[in-house]
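Asks: File name query_10.csv; file contents CSV, C-alpha atoms; full text below.
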chain,number,residue,atom,x,y,z
A,1,MET,CA,-49.0,35.9,-87.3
A,2,GLY,CA,-47.1,32.9,-86.3
A,3,ASP,CA,-43.6,32.3,-87.4
A,4,GLU,CA,-42.9,29.5,-89.8
A,5,ARG,CA,-40.8,27.5,-87.4
A,6,SER,CA,-43.3,27.4,-84.6
A,7,ILE,CA,-46.2,26.4,-87.0
A,8,ASP,CA,-44.0,23.7,-88.5
A,9,GLN,CA,-43.0,22.5,-85.1
A,10,ALA,CA,-46.6,22.3,-84.0
A,11,LEU,CA,-47.4,20.2,-87.1
A,12,VAL,CA,-44.4,18.0,-86.5
A,13,GLU,CA,-45.5,17.3,-82.9
A,14,ARG,CA,-49.0,16.4,-84.2
A,15,VAL,CA,-47.4,13.9,-86.7
A,16,GLN,CA,-45.3,12.5,-83.9
A,17,GLN,CA,-48.5,11.9,-82.0
A,18,GLY,CA,-49.8,9.9,-84.9
A,19,ASP,CA,-51.8,12.6,-86.7
A,20,LYS,CA,-51.1,11.9,-90.4
A,21,LYS,CA,-53.1,14.9,-91.6
A,22,ALA,CA,-50.6,17.2,-90.1
A,23,PHE,CA,-48.0,15.6,-92.4
A,24,ASP,CA,-50.3,16.3,-95.3
A,25,LEU,CA,-50.2,19.9,-94.5
A,26,LEU,CA,-46.4,19.9,-94.4
A,27,VAL,CA,-46.4,18.2,-97.8
A,28,LEU,CA,-48.8,20.8,-99.0
A,29,LYS,CA,-46.6,23.6,-97.9
A,30,TYR,CA,-43.2,22.3,-98.9
A,31,GLN,CA,-43.6,19.9,-101.9
A,32,LEU,CA,-43.1,22.7,-104.4
A,33,ARG,CA,-40.0,24.1,-102.7
A,34,VAL,CA,-38.6,20.6,-102.4
A,35,SER,CA,-39.4,19.9,-106.0
A,36,LYS,CA,-37.5,23.0,-107.1
A,37,LEU,CA,-34.5,22.1,-105.0
A,38,VAL,CA,-34.5,18.5,-106.3
A,39,ALA,CA,-34.9,19.7,-109.8
A,40,ARG,CA,-31.6,21.6,-109.5
A,41,PHE,CA,-29.8,18.4,-108.8
A,42,LEU,CA,-31.3,16.1,-111.3
A,43,ARG,CA,-30.6,16.2,-115.0
A,44,ASN,CA,-33.9,14.5,-115.9
A,45,PRO,CA,-37.0,16.4,-114.9
A,46,SER,CA,-39.1,13.3,-115.1
A,47,ASP,CA,-37.1,11.9,-112.1
A,48,VAL,CA,-38.2,14.9,-109.9
A,49,PRO,CA,-41.6,13.6,-108.7
A,50,ASP,CA,-40.1,10.2,-107.7
A,51,VAL,CA,-37.3,11.8,-105.7
A,52,VAL,CA,-39.7,14.3,-104.1
A,53,GLN,CA,-41.9,11.5,-103.1
A,54,ASP,CA,-39.0,9.5,-101.7
A,55,THR,CA,-37.9,12.6,-99.8
A,56,PHE,CA,-41.2,13.0,-98.0
A,57,ILE,CA,-41.6,9.3,-97.3
A,58,LYS,CA,-38.1,9.2,-95.8
A,59,ALA,CA,-38.9,12.3,-93.8
A,60,TYR,CA,-42.2,10.8,-92.5
A,61,LYS,CA,-40.3,7.6,-91.4
A,62,ALA,CA,-37.6,9.7,-89.7
A,63,LEU,CA,-40.0,12.2,-88.1
A,64,PRO,CA,-40.3,10.3,-84.8
A,65,SER,CA,-36.6,11.1,-84.2
A,66,PHE,CA,-36.9,14.7,-85.3
A,67,ARG,CA,-36.3,16.8,-82.1
A,68,GLY,CA,-36.8,20.3,-83.6
A,69,ASP,CA,-33.2,21.3,-83.1
A,70,SER,CA,-33.3,22.8,-86.6
A,71,ALA,CA,-36.1,24.2,-88.6
A,72,PHE,CA,-38.3,21.6,-90.3
A,73,TYR,CA,-37.5,22.9,-93.8
A,74,THR,CA,-33.8,22.8,-93.2
A,75,TRP,CA,-34.1,19.2,-92.1
A,76,ILE,CA,-36.3,18.1,-95.0
A,77,TYR,CA,-34.1,20.0,-97.5
A,78,ARG,CA,-31.1,18.1,-96.3
A,79,ILE,CA,-33.1,14.8,-96.7
A,80,ALA,CA,-34.0,16.0,-100.2
A,81,ILE,CA,-30.4,16.8,-101.2
A,82,ASN,CA,-29.2,13.4,-99.9
A,83,THR,CA,-32.1,11.6,-101.7
A,84,ALA,CA,-31.3,13.4,-104.9
A,85,LYS,CA,-27.6,12.6,-104.6
A,86,ASN,CA,-28.4,8.9,-103.9
A,87,HIS,CA,-30.7,8.9,-106.9
A,88,LEU,CA,-27.9,10.2,-109.1
A,89,VAL,CA,-25.5,7.6,-107.8
A,90,SER,CA,-28.0,4.8,-108.3
A,91,MET,CA,-28.5,6.1,-111.8
A,92,SER,CA,-24.8,6.2,-112.3
A,93,ARG,CA,-24.8,9.8,-113.1
A,94,LYS,CA,-22.7,12.5,-111.6
A,95,SER,CA,-24.3,15.3,-109.6
A,96,PRO,CA,-23.7,18.6,-111.2
A,97,THR,CA,-23.3,20.3,-107.8
A,98,ASN,CA,-21.9,17.9,-105.3
A,99,SER,CA,-20.8,20.6,-102.9
A,100,MET,CA,-24.0,22.6,-103.3
A,101,ASP,CA,-25.4,23.9,-100.0
A,102,VAL,CA,-29.1,24.2,-99.3
A,103,GLN,CA,-29.0,28.0,-99.7
A,104,ASP,CA,-26.8,27.8,-102.8
A,105,ALA,CA,-29.3,25.4,-104.3
A,106,GLU,CA,-32.2,27.7,-103.6
A,107,ASP,CA,-30.4,30.8,-104.9
A,108,TYR,CA,-29.1,29.0,-108.0
A,109,GLY,CA,-30.9,30.3,-111.1
A,110,ALA,CA,-32.1,26.9,-112.0
A,111,SER,CA,-35.3,27.5,-113.7
A,112,ASP,CA,-33.5,28.5,-116.9
A,113,TRP,CA,-31.5,25.3,-117.3
A,114,LEU,CA,-34.5,23.4,-116.2
A,115,LYS,CA,-36.5,24.8,-119.0
A,116,ASP,CA,-33.9,23.5,-121.4
A,117,TYR,CA,-34.7,20.0,-120.3
A,118,ALA,CA,-38.5,20.4,-120.3
A,119,THR,CA,-40.5,18.6,-122.9
A,120,PRO,CA,-42.0,20.7,-125.8
A,121,GLU,CA,-45.5,20.1,-124.5
A,122,ARG,CA,-44.5,21.3,-121.1
A,123,LYS,CA,-42.8,24.4,-122.6
A,124,VAL,CA,-46.0,25.2,-124.5
A,125,LEU,CA,-48.0,24.8,-121.4
A,126,ALA,CA,-45.7,26.9,-119.3
A,127,ASP,CA,-45.8,29.7,-121.8
A,128,GLU,CA,-49.6,29.5,-121.9
A,129,ILE,CA,-49.8,29.5,-118.1
A,130,GLN,CA,-47.5,32.5,-117.9
A,131,LEU,CA,-49.5,34.4,-120.5
A,132,ASN,CA,-52.9,33.7,-118.8
A,133,ILE,CA,-51.6,34.6,-115.4
A,134,ASN,CA,-50.2,37.8,-116.6
A,135,GLN,CA,-53.5,38.7,-118.2
A,136,ALA,CA,-55.4,37.7,-115.1
A,137,VAL,CA,-53.2,39.8,-112.9
A,138,SER,CA,-53.5,42.8,-115.2
A,139,GLN,CA,-57.3,42.5,-115.0
A,140,LEU,CA,-57.5,42.4,-111.2
A,141,PRO,CA,-59.0,45.3,-109.3
A,142,ALA,CA,-56.3,47.6,-108.1
A,143,ASP,CA,-56.4,46.7,-104.4
A,144,LEU,CA,-56.2,42.9,-105.1
A,145,ARG,CA,-53.4,43.4,-107.6
A,146,GLU,CA,-51.4,45.5,-105.2
A,147,ALA,CA,-51.9,43.0,-102.4
A,148,ILE,CA,-50.8,40.0,-104.5
A,149,MET,CA,-47.9,41.8,-106.1
A,150,LEU,CA,-46.6,43.0,-102.7
A,151,ARG,CA,-46.8,39.4,-101.5
A,152,GLU,CA,-45.4,37.6,-104.5
A,153,MET,CA,-43.0,40.1,-106.0
A,154,GLU,CA,-41.8,41.9,-102.9
A,155,GLY,CA,-42.1,38.9,-100.6
A,156,LEU,CA,-43.7,41.1,-97.9
A,157,SER,CA,-45.4,39.6,-94.9
A,158,TYR,CA,-49.1,40.2,-94.3
A,159,GLU,CA,-48.2,42.6,-91.5
A,160,ASP,CA,-46.0,44.7,-93.8
A,161,ILE,CA,-48.6,44.6,-96.5
A,162,ALA,CA,-51.3,45.8,-94.0
A,163,ILE,CA,-49.0,48.7,-93.1
A,164,ALA,CA,-48.3,49.5,-96.8
A,165,MET,CA,-51.9,49.4,-97.8
A,166,ASP,CA,-53.2,50.9,-94.5
A,167,CYS,CA,-55.7,48.2,-93.9
A,168,PRO,CA,-56.2,45.4,-91.3
A,169,ILE,CA,-54.3,42.1,-91.7
A,170,GLY,CA,-57.6,40.2,-92.2
A,171,THR,CA,-58.3,42.4,-95.3
A,172,VAL,CA,-54.9,41.6,-96.7
A,173,ARG,CA,-55.5,37.9,-96.2
A,174,SER,CA,-58.8,38.3,-97.9
A,175,ARG,CA,-57.5,40.4,-100.8
A,176,ILE,CA,-54.6,38.0,-101.5
A,177,PHE,CA,-57.0,35.0,-101.5
A,178,ARG,CA,-59.4,36.7,-103.8
A,179,ALA,CA,-56.6,37.7,-106.2
A,180,ARG,CA,-55.4,34.1,-106.3
A,181,GLU,CA,-59.0,32.8,-106.7
A,182,ALA,CA,-59.5,35.1,-109.7
A,183,ILE,CA,-56.2,34.0,-111.3
A,184,ASP,CA,-57.0,30.4,-110.5
A,185,GLU,CA,-60.2,30.6,-112.5
A,186,ARG,CA,-58.1,31.0,-115.6
A,187,LEU,CA,-55.4,28.6,-114.6
A,188,GLU,CA,-57.4,25.6,-113.5
A,189,PRO,CA,-59.0,24.9,-117.0
A,190,LEU,CA,-55.6,25.1,-118.6
A,191,LEU,CA,-54.2,22.5,-116.3
A,192,ASP,CA,-57.3,20.3,-116.6
A,193,ASP,CA,-57.0,20.4,-120.4
A,194,TYR,CA,-53.3,19.5,-120.2
A,195,SER,CA,-54.0,16.6,-117.8
A,196,HIS,CA,-56.8,15.4,-120.0
A,197,ASN,CA,-54.6,15.5,-123.2
A,198,LEU,CA,-51.8,13.8,-121.3
A,199,SER,CA,-54.0,11.0,-120.2
A,200,ASN,CA,-55.4,10.6,-123.7
A,201,THR,CA,-52.0,10.3,-125.3
B,1,MET,CA,-70.1,20.4,-99.9
B,2,ASN,CA,-70.9,23.9,-98.6
B,3,THR,CA,-69.4,26.5,-101.0
B,4,ASN,CA,-68.9,28.9,-98.1
B,5,ASN,CA,-66.9,26.3,-96.1
B,6,GLU,CA,-64.9,25.5,-99.2
B,7,ASN,CA,-64.0,29.2,-99.7
B,8,GLN,CA,-63.1,29.4,-96.1
B,9,ALA,CA,-60.8,26.4,-96.4
B,10,ALA,CA,-59.3,27.8,-99.6
B,11,GLU,CA,-58.6,31.2,-97.9
B,12,LYS,CA,-56.9,29.4,-95.0
B,13,ILE,CA,-54.8,27.4,-97.3
B,14,SER,CA,-53.9,30.6,-99.1
B,15,ALA,CA,-52.8,32.1,-95.8
B,16,TYR,CA,-51.1,28.9,-94.7
B,17,ILE,CA,-48.8,28.7,-97.7
B,18,ASP,CA,-47.8,32.3,-97.0
B,19,ASP,CA,-47.0,31.4,-93.3
B,20,ALA,CA,-49.7,33.8,-92.3
B,21,LEU,CA,-51.5,31.5,-89.9
B,22,ASN,CA,-51.1,31.5,-86.2
B,23,VAL,CA,-50.3,28.3,-84.4
B,24,ASP,CA,-53.8,28.5,-83.0
B,25,ASP,CA,-55.2,28.9,-86.5
B,26,ILE,CA,-53.6,25.5,-87.4
B,27,GLU,CA,-56.3,24.0,-85.2
B,28,SER,CA,-59.0,25.7,-87.3
B,29,LEU,CA,-57.2,24.3,-90.4
B,30,PHE,CA,-57.6,20.8,-89.0
B,31,GLU,CA,-61.3,21.6,-88.4
B,32,VAL,CA,-61.5,22.5,-92.0
B,33,ASN,CA,-59.6,19.4,-92.8
B,34,ASP,CA,-62.1,17.2,-90.9
B,35,SER,CA,-65.2,18.9,-92.1
B,36,ILE,CA,-64.6,19.1,-95.8
B,37,LYS,CA,-61.8,16.5,-96.2
B,38,LEU,CA,-58.9,18.5,-97.3
B,39,ALA,CA,-57.7,16.2,-100.0
B,40,ASP,CA,-56.6,16.0,-103.6
B,41,SER,CA,-58.6,19.1,-104.6
B,42,HIS,CA,-57.0,21.2,-101.9
B,43,PHE,CA,-53.5,19.9,-102.6
B,44,SER,CA,-53.9,20.8,-106.2
B,45,LEU,CA,-55.3,24.2,-105.1
B,46,ALA,CA,-52.1,24.8,-103.0
B,47,THR,CA,-50.0,23.7,-106.0
B,48,ARG,CA,-51.8,26.2,-108.3
B,49,TYR,CA,-51.3,29.0,-105.7
B,50,HIS,CA,-47.6,28.2,-105.6
B,51,MET,CA,-47.6,28.2,-109.4
B,52,ILE,CA,-49.3,31.6,-109.6
B,53,GLY,CA,-46.6,33.0,-107.3
B,54,ASP,CA,-43.9,31.5,-109.6
B,55,ALA,CA,-45.5,32.9,-112.7
B,56,ILE,CA,-45.9,36.4,-111.2
B,57,ARG,CA,-42.2,36.3,-110.3
B,58,GLY,CA,-41.3,34.9,-113.7
B,59,GLU,CA,-39.9,31.7,-112.2
B,60,LEU,CA,-42.4,29.3,-113.7
B,61,SER,CA,-40.6,26.0,-114.3
B,62,ASP,CA,-41.3,22.3,-114.8
B,63,ALA,CA,-40.8,21.9,-111.0
B,64,SER,CA,-43.6,24.4,-110.4
B,65,MET,CA,-46.0,21.8,-111.8
B,66,VAL,CA,-44.9,18.9,-109.7
B,67,ASP,CA,-47.7,17.6,-107.4
B,68,VAL,CA,-46.8,14.4,-105.7
B,69,SER,CA,-49.1,14.9,-102.7
B,70,THR,CA,-51.5,12.2,-103.8
B,71,GLN,CA,-48.7,9.7,-104.4
B,72,ILE,CA,-47.2,10.6,-101.0
B,73,GLN,CA,-50.6,10.1,-99.3
B,74,ARG,CA,-51.0,6.7,-100.9
B,75,ALA,CA,-47.5,5.6,-100.0
B,76,LEU,CA,-48.0,6.8,-96.5
B,77,CYS,CA,-51.3,4.9,-96.2
B,78,HIS,CA,-49.1,1.7,-96.3
B,79,GLU,CA,-46.4,3.3,-94.2
B,80,SER,CA,-48.5,4.9,-91.5
B,81,LEU,CA,-49.3,1.8,-89.6
B,82,ASP,CA,-45.6,0.9,-89.2
B,83,VAL,CA,-44.6,4.4,-88.3
B,84,THR,CA,-47.3,4.9,-85.7
B,85,VAL,CA,-46.8,1.4,-84.3
B,86,SER,CA,-43.0,1.9,-84.1
B,87,ALA,CA,-43.3,5.4,-82.6
B,88,LYS,CA,-45.7,4.6,-79.8
B,89,PRO,CA,-44.8,1.2,-78.6
B,90,VAL,CA,-41.2,2.4,-78.0
B,91,LYS,CA,-42.6,4.4,-75.1
B,92,LYS,CA,-44.8,1.6,-74.0
B,93,ALA,CA,-42.0,-0.9,-74.0
B,94,SER,CA,-39.8,1.4,-72.0
B,95,LEU,CA,-42.6,1.9,-69.5
B,96,GLU,CA,-43.1,-1.8,-69.1
B,97,SER,CA,-39.4,-2.4,-68.7
B,98,ARG,CA,-39.3,0.0,-65.8
B,99,PHE,CA,-40.9,-2.6,-63.7
B,100,ASP,CA,-38.1,-5.0,-64.3
B,101,LEU,CA,-35.8,-5.3,-61.3
B,102,PHE,CA,-32.7,-4.6,-63.5
B,103,SER,CA,-34.3,-1.5,-65.0
B,104,TRP,CA,-35.5,-0.4,-61.6
B,105,LEU,CA,-32.0,-0.7,-60.3
B,106,GLU,CA,-30.6,1.1,-63.2
B,107,ILE,CA,-33.0,4.0,-62.8
B,108,PHE,CA,-33.1,4.4,-59.0
B,109,ALA,CA,-30.3,2.4,-57.4
B,110,ARG,CA,-27.5,3.6,-59.4
B,111,PRO,CA,-27.8,7.3,-58.4
B,112,LEU,CA,-28.4,6.2,-54.7
B,113,THR,CA,-25.3,4.1,-54.7
B,114,GLY,CA,-23.3,6.9,-56.0
B,115,LEU,CA,-24.8,9.2,-53.4
B,116,ALA,CA,-24.0,6.7,-50.6
B,117,VAL,CA,-20.4,6.3,-51.8
B,118,ALA,CA,-20.0,10.1,-52.0
B,119,ALA,CA,-21.5,10.5,-48.5
B,120,SER,CA,-19.1,7.8,-47.1
B,121,VAL,CA,-16.1,9.4,-48.6
B,122,ALA,CA,-17.2,12.8,-47.3
B,123,ALA,CA,-17.7,11.3,-43.8
B,124,LEU,CA,-14.3,9.6,-43.9
B,125,MET,CA,-12.6,12.8,-45.0
B,126,VAL,CA,-14.2,14.8,-42.1
B,127,VAL,CA,-13.1,12.2,-39.5
B,128,SER,CA,-9.6,12.1,-41.0
B,129,VAL,CA,-9.3,15.9,-41.0
B,130,ILE,CA,-10.5,16.0,-37.4
B,131,GLN,CA,-8.1,13.3,-36.3
B,132,LEU,CA,-5.2,15.0,-38.1
B,133,GLU,CA,-5.9,18.3,-36.5
B,134,SER,CA,-6.1,16.8,-33.0
B,135,SER,CA,-3.0,14.8,-33.4
B,136,GLU,CA,-1.2,17.8,-34.7
B,137,SER,CA,-2.3,20.0,-31.9
B,138,GLY,CA,-2.0,17.3,-29.3
B,139,GLN,CA,-4.4,19.2,-27.0
B,140,GLN,CA,-6.4,17.2,-24.6
B,141,LEU,CA,-9.3,18.5,-22.7
B,142,ALA,CA,-9.1,18.6,-18.9
B,143,VAL,CA,-11.1,15.8,-17.4
B,144,SER,CA,-14.3,17.3,-16.1
B,145,SER,CA,-16.2,15.5,-13.5
B,146,GLU,CA,-19.4,17.0,-14.9
B,147,VAL,CA,-19.2,15.0,-18.1
B,148,LEU,CA,-17.9,11.8,-16.7
B,149,PRO,CA,-20.2,8.9,-15.9
B,150,ALA,CA,-20.7,7.9,-12.2
B,151,ALA,CA,-18.6,4.8,-12.3
B,152,ALA,CA,-15.6,6.7,-13.8
B,153,LEU,CA,-16.1,9.4,-11.2
B,154,ASP,CA,-15.9,6.9,-8.4
B,155,THR,CA,-12.8,5.4,-9.8
B,156,LEU,CA,-11.2,8.8,-10.1
B,157,MET,CA,-12.1,9.7,-6.5
B,158,ALA,CA,-10.8,6.4,-5.2
B,159,ASN,CA,-7.5,6.9,-7.1
B,160,LYS,CA,-7.3,10.5,-5.8
B,161,GLN,CA,-7.7,9.3,-2.2
B,162,SER,CA,-5.1,6.6,-2.8
B,163,ILE,CA,-2.7,9.2,-4.2
B,164,ASP,CA,-3.3,11.5,-1.3
B,165,ASP,CA,-2.2,8.7,1.0
B,166,PRO,CA,1.4,9.7,1.9
B,167,VAL,CA,2.5,6.1,2.4
B,168,ASN,CA,2.0,4.8,-1.1
B,169,LYS,CA,1.9,8.2,-2.8
B,170,ASP,CA,4.9,7.7,-5.1
B,171,GLN,CA,3.8,4.2,-6.1
B,172,ARG,CA,0.2,5.4,-6.7
B,173,VAL,CA,1.4,8.3,-8.9
B,174,ALA,CA,3.6,6.0,-10.9
B,175,ASP,CA,0.7,3.5,-11.3
B,176,PHE,CA,-1.6,6.3,-12.3
B,177,ASP,CA,0.9,7.6,-14.9
B,178,VAL,CA,1.2,4.1,-16.3
B,179,TYR,CA,-2.6,3.9,-16.4
B,180,LEU,CA,-3.0,7.2,-18.1
B,181,THR,CA,-0.3,6.3,-20.6
B,182,GLU,CA,-1.9,2.9,-21.4
B,183,HIS,CA,-5.3,4.4,-21.7
B,184,ALA,CA,-4.5,7.5,-23.5
B,185,GLU,CA,-6.8,6.6,-26.2
B,186,PHE,CA,-9.7,6.8,-23.8
B,187,ALA,CA,-8.8,10.3,-22.6
B,188,ALA,CA,-11.5,13.0,-23.1
B,189,GLN,CA,-10.4,15.0,-26.1
B,190,ASP,CA,-12.0,17.3,-28.5
B,191,THR,CA,-12.2,14.4,-31.0
B,192,LEU,CA,-14.1,11.2,-31.3
B,193,GLN,CA,-11.5,9.5,-29.1
B,194,GLY,CA,-13.0,11.1,-26.1
B,195,ARG,CA,-16.3,9.4,-26.7
B,196,ILE,CA,-15.1,5.9,-26.7
B,197,PRO,CA,-15.3,5.4,-22.8
B,198,TYR,CA,-18.9,6.3,-22.9
B,199,VAL,CA,-19.8,3.5,-25.3
B,200,ARG,CA,-20.9,0.5,-23.4
B,201,ALA,CA,-21.2,-2.9,-24.9
B,202,VAL,CA,-23.8,-5.1,-23.2
B,203,SER,CA,-24.0,-8.7,-23.8
B,204,TYR,CA,-25.6,-11.8,-22.2
B,205,GLU,CA,-23.9,-15.1,-21.8
B,206,ALA,CA,-25.9,-18.1,-22.9
B,207,GLU,CA,-27.0,-20.1,-19.9
Would you mind giving the structure from this file in structure tokens?
Replies:
Amino acid sequence: MGDERSIDQALVERVQQGDKKAFDLLVLKYQLRVSKLVARFLRNPSDVPDVVQDTFIKAYKALPSFRGDSAFYTWIYRIAINTAKNHLVSMSRKSPTNSMDVQDAEDYGASDWLKDYATPERKVLADEIQLNINQAVSQLPADLREAIMLREMEGLSYEDIAIAMDCPIGTVRSRIFRAREAIDERLEPLLDDYSHNLSNT
Amino acid sequence: MNTNNENQAAEKISAYIDDALNVDDIESLFEVNDSIKLADSHFSLATRYHMIGDAIRGELSDASMVDVSTQIQRALCHESLDVTVSAKPVKKASLESRFDLFSWLEIFARPLTGLAVAASVAALMVVSVIQLESSESGQQLAVSSEVLPAAALDTLMANKQSIDDPVNKDQRVADFDVYLTEHAEFAAQDTLQGRIPYVRAVSYEAE
């Protein structure tokens, strides 16, 4: 398996050569992590998407000058923090954690306070998603459940999971995917309904 | 759209978000990207996979539901031209400017000039050191007839005959001493001074 940094660097080089699809893949990989990071800085959750979007657009514009001295995620996290701070300044609000480091922000148990600011509809949806995913996980075949739990709960790499489950890495990859697919079958309709209701209101 | 290809793409995305793809596999992800147009559906798929992970860890939050990939794609559609234009022509412009004389001088002549100055200084230092050593030691090599040119040898032999002449011997010796003193700089030494007599300047007068 390739390490994160070399894969990111390969994608960055493709973007620098003008391949925009490579940047789409970087967005796909990091948008949620950046969203969580930004959400820890902003008081208003509804501002998060705008700041995340600004972060990636700024990163894209600055990418030609990115030399790979640091990891891509470190670089984009720094952009995200600065964008969030600038957003707070522009909104004449004070950042709750001006001296917060990237790692501090990641380790900060933010989801709890974030939930306090979530809208009631979102809270209901989050609860429903949680319930459905828990049920879906409990109904998975044992080998799929073990693979997805080792990955998501324990944070093990595919190599380590392969050793733990005594099977090839390809099998691990397949099991994790099948587990996600099975869970997603429950999740997707929920999100579609929510989006549909949101657009109607 | 082929369901098999779609599943293959989804599996690769699943591995990609776990950093479980090789650098070589990235190419295959681009092949998937081209063939089935990795787009909104796959971005939302990746978002849902992330959300599943958050839910399993009990970290599901509002931020877990943020998906701005479509907006970013749209925004970059307008930005991409500027970015790619500004990224590549920089190199082009610098290549073109290399053919300017000034740029050429900057690139090539400056290091050569430095090298020439350094070589000159080094040569001067070598000459100075040699001269210093010779002036300190004051040693002069004995005149060897083997290394003298024919004309100088004739002069030396004529002077020797004159000196051997008992009549004017003292006068000749005195003259020779004066000659040697006045032409000491031409004496054959172990320095560059000894070479000077062998340099002959030839010129033609205008008729």
Asks: Tell me, in Å to one decimal, how far atom CA of A:Ala71 is from atom CA of A:Arg5.
Replies: 5.9 Å
Asks: Mind listing as a PyMOL selection string which residues of chain B are within 7 Å of chain A, counting all atoms listed in the file?
Replies: chain B and resi 11+14-15+17+19-23+43+46+49+52-53+55-57+59-64+66+68-69+72+76+83-84+87
Asks: Can you measure atom CA of A:Ala84 to atom CA of B:Met51 for me? One decimal in Å is fine.
Replies: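 Straight-line distance from atom CA of A:Ala84 to atom CA of B:Met51 works out to 22.5 Å.
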Asks: Rounded to one decimal place, report the atom CA of B:Arg172-atom CA of B:Asp154 distance in Å.
Replies: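 Interatomic distance here is 16.3 Å.
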